[in-house]
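As C-alpha cells, the structure follows; a few thoughts come after it.
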2 protein chains.
Amino acid sequence: MPRRRLTWNDKLRRLREFVRAHDRLPGYQELMALMGFRSSHSAFRLWTRLTRLGYVRKDAAGKLAPTPRLRGTLRMLGTVAAGFPSPAEEELADILSLDEFLIRRPEATFLLTVTGDSMIEAGIHPGDLVLVERGVQPKNNDIVVAQVDDEWTLKYFIRDEEGVRLDPANRKYSPIRPRRSLVIGGVVRAVIRKYG
Amino acid sequence: MPRRRLTWNDKLRRLREFVRAHDRLPGYQELMALMGFRSSHSAFRLWTRLTRLGYVRKDAAGKLAPTPRLRGTLRMLGTVAAGFPSPAEEELADILSLDEFLIRRPEATFLLTVTGDSMIEAGIHPGDLVLVERGVQPKNNDIVVAQVDDEWTLKYFIRDEEGVRLDPANRKYSPIRPRRSLVIGGVVRAVIRKYG
DNA sequence: TACAATAGTGAACGATCGTTCACTTTTCAA
DNA sequence: TTGAAAAGTGAACGATCGTTCACTATTGTA
C-alpha cells in the first residue's frame with residue numbers, strides 16, 4: 001500500500017488544527033507524525049517552506065513562531081450583500097486575529113462596558129463594549145472616555161476656536177464645555193457588541 | 001553588587017513582553033537570560049510555578065504552551081461610568097484575548113462587512129463588521145445573514161405559528177415571509193465597529 | 001533570633017531539536 | 001518519454017531542552 005502523500009492544503013490544514021489545539025507549533029517529532037514523514041529532514045524542509053511563505057517566522061534566536069496567518073482564526077470575507085462564497089473561495093480568504101486587527105498598543109488598551117445612552121445615535125448602546133486606548137491625544141470627532149463633573153461618560157471630542165467641547169450623540173443631552181478640569185481617560189478605538 | 005532579585009510581578013511582566021514580542025514562549029536559555037538566572041533549574045522551577053498558577057499549560061506531550069491568561073492582551077475593566085481604576089487595580093483586571101472571547105467555533109466563523117441599513121435600529125450600521133457563525137440553527141430573535149430574493153441581508157430571525165419570518169430593524173422596510181426557499185448563511189454572534 | 005518556607009545554584013544526563021550532506025522517489029510539463 | 005524540479009529518506013552531530021538530585025541563600029515571621 002503506497003502511503004498517500006499529503007497535498008499542500010492538507011498539510012496546512014493539519015498544521016492549523018495542531019496549532020489551534022495546542023497553542024504552540026509542533027516539534028520535529030510531532031510534525032513528522034502529523035504529516036506522516038519518516039525523516040526529520042522532511043520536517044526541516046517543511047518548516048523552511050512555511051517560513052518562506054510567511055506562515056511561520058524565524059526570530060533572531062533562530063526559533064520558529066507562528067504568524068497571524070497561521071494562528072489567526074477568523075476568515076475575512078467580503079460584504080453581507082455578496083453573501084457567502086464557495087468553499088474554494090473561502091480557502092483564499094485572509095485569515096486574521098481579532099486582537100491584532102483591533103489592538104495597536106496592548107499594554108494601553110482596555111475593554112469597558114458602556115453605561116448610559118449618551119452615544120446611542122452613534123450606534124453605541126448600553127451594554128456594548130468599548131475598546132479604549134489610553135495615553136493618546138484625541139483628534140477631532142474621536143469618541144473619548146471623559147470625566148465630566150466627577151462622572152465618566154462617552155462623548156465626541158471636539159476642539160474649536162473656543163477650546164474643547166464634548167458632544168453627546170443623543171438629542172436629550174447637551175454639548176459640554178469643561179470649565180475647570182478635563183480628564184480624558186482614553187480614545188475609543190472600537191465598539192464590540194456580543195450576542196448570546 | 002548584590003544583583004537584585006526580581007519580584008513576581010516583574011517576572012510575569014517580562015515574560016508577557018517576551019511572549020508578545022516573539023509569539024512564543026522563551027526556551028530555557030532565554031528564560032534564564034530574561035530573569036537573570038544562572039541555573040536552568042531555576043527556569044524549570046519558574047515553569048512549574050507558572051503551570052501551577054495557570055499561566056502556561058502542559059499538554060499531553062509534556063510541552064508547554066501559553067494560556068489566554070498569559071498571551072491575552074486586553075484588560076477587561078468595569079464600566080464606563082466607573083472610569084479608570086488605579087494602576088494597582090488595573091493589575092488585577094482579567095486579561096483576555098478577543099478571539100477567544102468572541103469566537104466559539106473558529107473553523108465556522110467569518111467576518112463580513114455590513115452593507116445596507118436594514119438593521120440600523122439595532123445599532124448595526126453600514127461599514128460595521130459582523131462576526132457570523134455558520135452551520136448553527138438560529139434561535140428566535142437571533143440576527144441572521146439570510147438570502148432573500150437572491151439578495152443577502154441581515155435580519156432578525158423569527159419563527160411563529162405561521163412559519164419563519166425575517167424582520168428588519170428599520171421602519172423603512174417590511175418583515176418578510178419567505179415563500180419558496182430560505183437560505184440562512186449564519187448567525188451573527190457579534191458586531192464590531194472599528195474607528196480610525 | 002531562629003527556623004521554616006521560598007528562591008536560587010550547579011552538575012549531570014537522556015531526549016529532542018535544528019541542521020548538514022548525500023541519496024531516492026514522485027510529479028509534471030516540454 | 002524523458003528529464004528536471006519538487007518531495008521524501010536516512011544518517012549523523014552539536015546544541016538545547018526537560019528533568020533529577022543535592023546543596024546554598026534570602027525572606028518573612030513566631
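Chain labels A, B, ... are given in the sequence in which chains occur in the C-alpha cells; within each chain residues are numbered consecutively from 1, and ligands are likewise numbered from 1 in the order shown.
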Checklist entry - range 55-66 of chain A: which residues within 10 Å, counting only C-alpha atoms (C1' of nucleotides), same-chain residues fewer than 5 positions away excluded, as a PyMOL selection string? => result (chain A and resi 12+16+19+23-25+47-50+71-72) or (chain B and resi 21-27+30) or (chain C and resi 18)
Next on the checklist: I need the contact residues of chain A against chain C, so if you could list those with any atom within 9 Å, counting only C-alpha atoms (C1' of nucleotides), and return them as a VMD selection string, that would help.
Outcome noted: chain A and resid 27 to 29 41 44
Next on the checklist: To test your reading of the structure, identify every residue in range 33-141 of chain A that backbone DSSP assigns to strand (DSSP E or B), and report it as a list in words.
Outcome noted: Val56, Arg57, Lys58, Leu64, Ala65, Pro66, Leu74, Arg75, Met76, Leu77, Gly78, Thr79, Asp94, Ile95, Leu96, Thr109, Phe110, Leu111, Leu112, Thr113, Leu129, Val130, Leu131, Val132 and Glu133 of chain A
Go ahead and write the residues just picked, C-alpha atoms, as a tab-separated table (two decimals), in the first residue's frame.
```
chain	number	residue	atom	x	y	z
A	56	VAL	CA	5.85	30.90	10.49
A	57	ARG	CA	8.56	33.32	11.37
A	58	LYS	CA	12.11	32.72	12.46
A	64	LEU	CA	10.13	29.44	14.96
A	65	ALA	CA	6.94	31.25	15.87
A	66	PRO	CA	3.53	31.19	14.21
A	74	LEU	CA	-11.09	34.48	11.56
A	75	ARG	CA	-11.67	34.41	7.87
A	76	MET	CA	-12.41	37.84	6.50
A	77	LEU	CA	-14.82	37.54	3.60
A	78	GLY	CA	-16.47	40.29	1.58
A	79	THR	CA	-19.69	42.06	2.34
A	94	ASP	CA	-7.48	36.43	4.53
A	95	ILE	CA	-7.12	34.90	7.94
A	96	LEU	CA	-6.62	37.30	10.78
A	109	THR	CA	-5.75	49.12	25.69
A	110	PHE	CA	-8.74	48.27	27.85
A	111	LEU	CA	-12.25	46.99	27.49
A	112	LEU	CA	-15.07	48.85	29.25
A	113	THR	CA	-18.77	48.12	29.41
A	129	LEU	CA	-18.12	47.05	24.98
A	130	VAL	CA	-15.71	49.81	24.02
A	131	LEU	CA	-12.09	49.19	23.32
A	132	VAL	CA	-10.27	52.16	24.78
A	133	GLU	CA	-6.67	53.21	24.18
```
Closest contacts (chain A/chain D, max 10 Å, only C-alpha atoms (C1' of nucleotides)) as JSON lines:
```
{"residue": "A:Arg5", "atom": "CA", "partner": "D:DA7", "partner_atom": "C1'", "distance": 9.3}
{"residue": "A:Phe37", "atom": "CA", "partner": "D:DG8", "partner_atom": "C1'", "distance": 7.7}
{"residue": "A:Arg38", "atom": "CA", "partner": "D:DT9", "partner_atom": "C1'", "distance": 7.1}
{"residue": "A:Ser39", "atom": "CA", "partner": "D:DT9", "partner_atom": "C1'", "distance": 6.0}
{"residue": "A:Ser40", "atom": "CA", "partner": "D:DG10", "partner_atom": "C1'", "distance": 9.2}
{"residue": "A:His41", "atom": "CA", "partner": "D:DT9", "partner_atom": "C1'", "distance": 8.4}
{"residue": "A:Ser42", "atom": "CA", "partner": "D:DG8", "partner_atom": "C1'", "distance": 6.4}
{"residue": "A:Ala43", "atom": "CA", "partner": "D:DG8", "partner_atom": "C1'", "distance": 9.9}
{"residue": "A:Arg45", "atom": "CA", "partner": "D:DA7", "partner_atom": "C1'", "distance": 9.1}
{"residue": "A:Leu46", "atom": "CA", "partner": "D:DA7", "partner_atom": "C1'", "distance": 9.8}
```
Next on the checklist: Applying 12 Å and only C-alpha atoms (C1' of nucleotides), which residues near Pro175 in chain A remain after dropping the ones on its own chain fewer than 5 positions away? List them as an MDAnalysis selection string.
Outcome noted: chainID A and resid 118:119 148 154:158 164:170
Item to check | Residues within 8 Å of range 98-101 of chain A, only C-alpha atoms (C1' of nucleotides), excluding chain neighbours under 3 positions, as a list in words | outcome: Pro68, Gly72, Leu74 and Arg104 of chain A; Thr73, Ser97, Leu98 and Asp99 of chain B
Residue subset to file, keeping C-alpha atoms, as a PDB file, in the first residue's frame:
```pdb
ATOM      1  CA  PRO A  68      -1.162  35.646  12.453  1.00  0.00           C
ATOM      2  CA  GLY A  72      -5.420  33.543  13.245  1.00  0.00           C
ATOM      3  CA  LEU A  74     -11.091  34.481  11.555  1.00  0.00           C
ATOM      4  CA  ARG A 104      -2.373  48.605  18.419  1.00  0.00           C
TER       5      ARG A 104
ATOM      6  CA  THR B  73      -3.603  41.387  25.563  1.00  0.00           C
ATOM      7  CA  SER B  97      -7.996  37.574  24.159  1.00  0.00           C
ATOM      8  CA  LEU B  98     -10.701  38.969  21.903  1.00  0.00           C
ATOM      9  CA  ASP B  99     -10.549  35.909  19.682  1.00  0.00           C
TER      10      ASP B  99
END
```
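Distance annotation: of B:Ala122, B:Val191, B:Val144, B:Ala93, the residue with the minimal separation from chain A is B:Val191; atom set is only C-alpha atoms.
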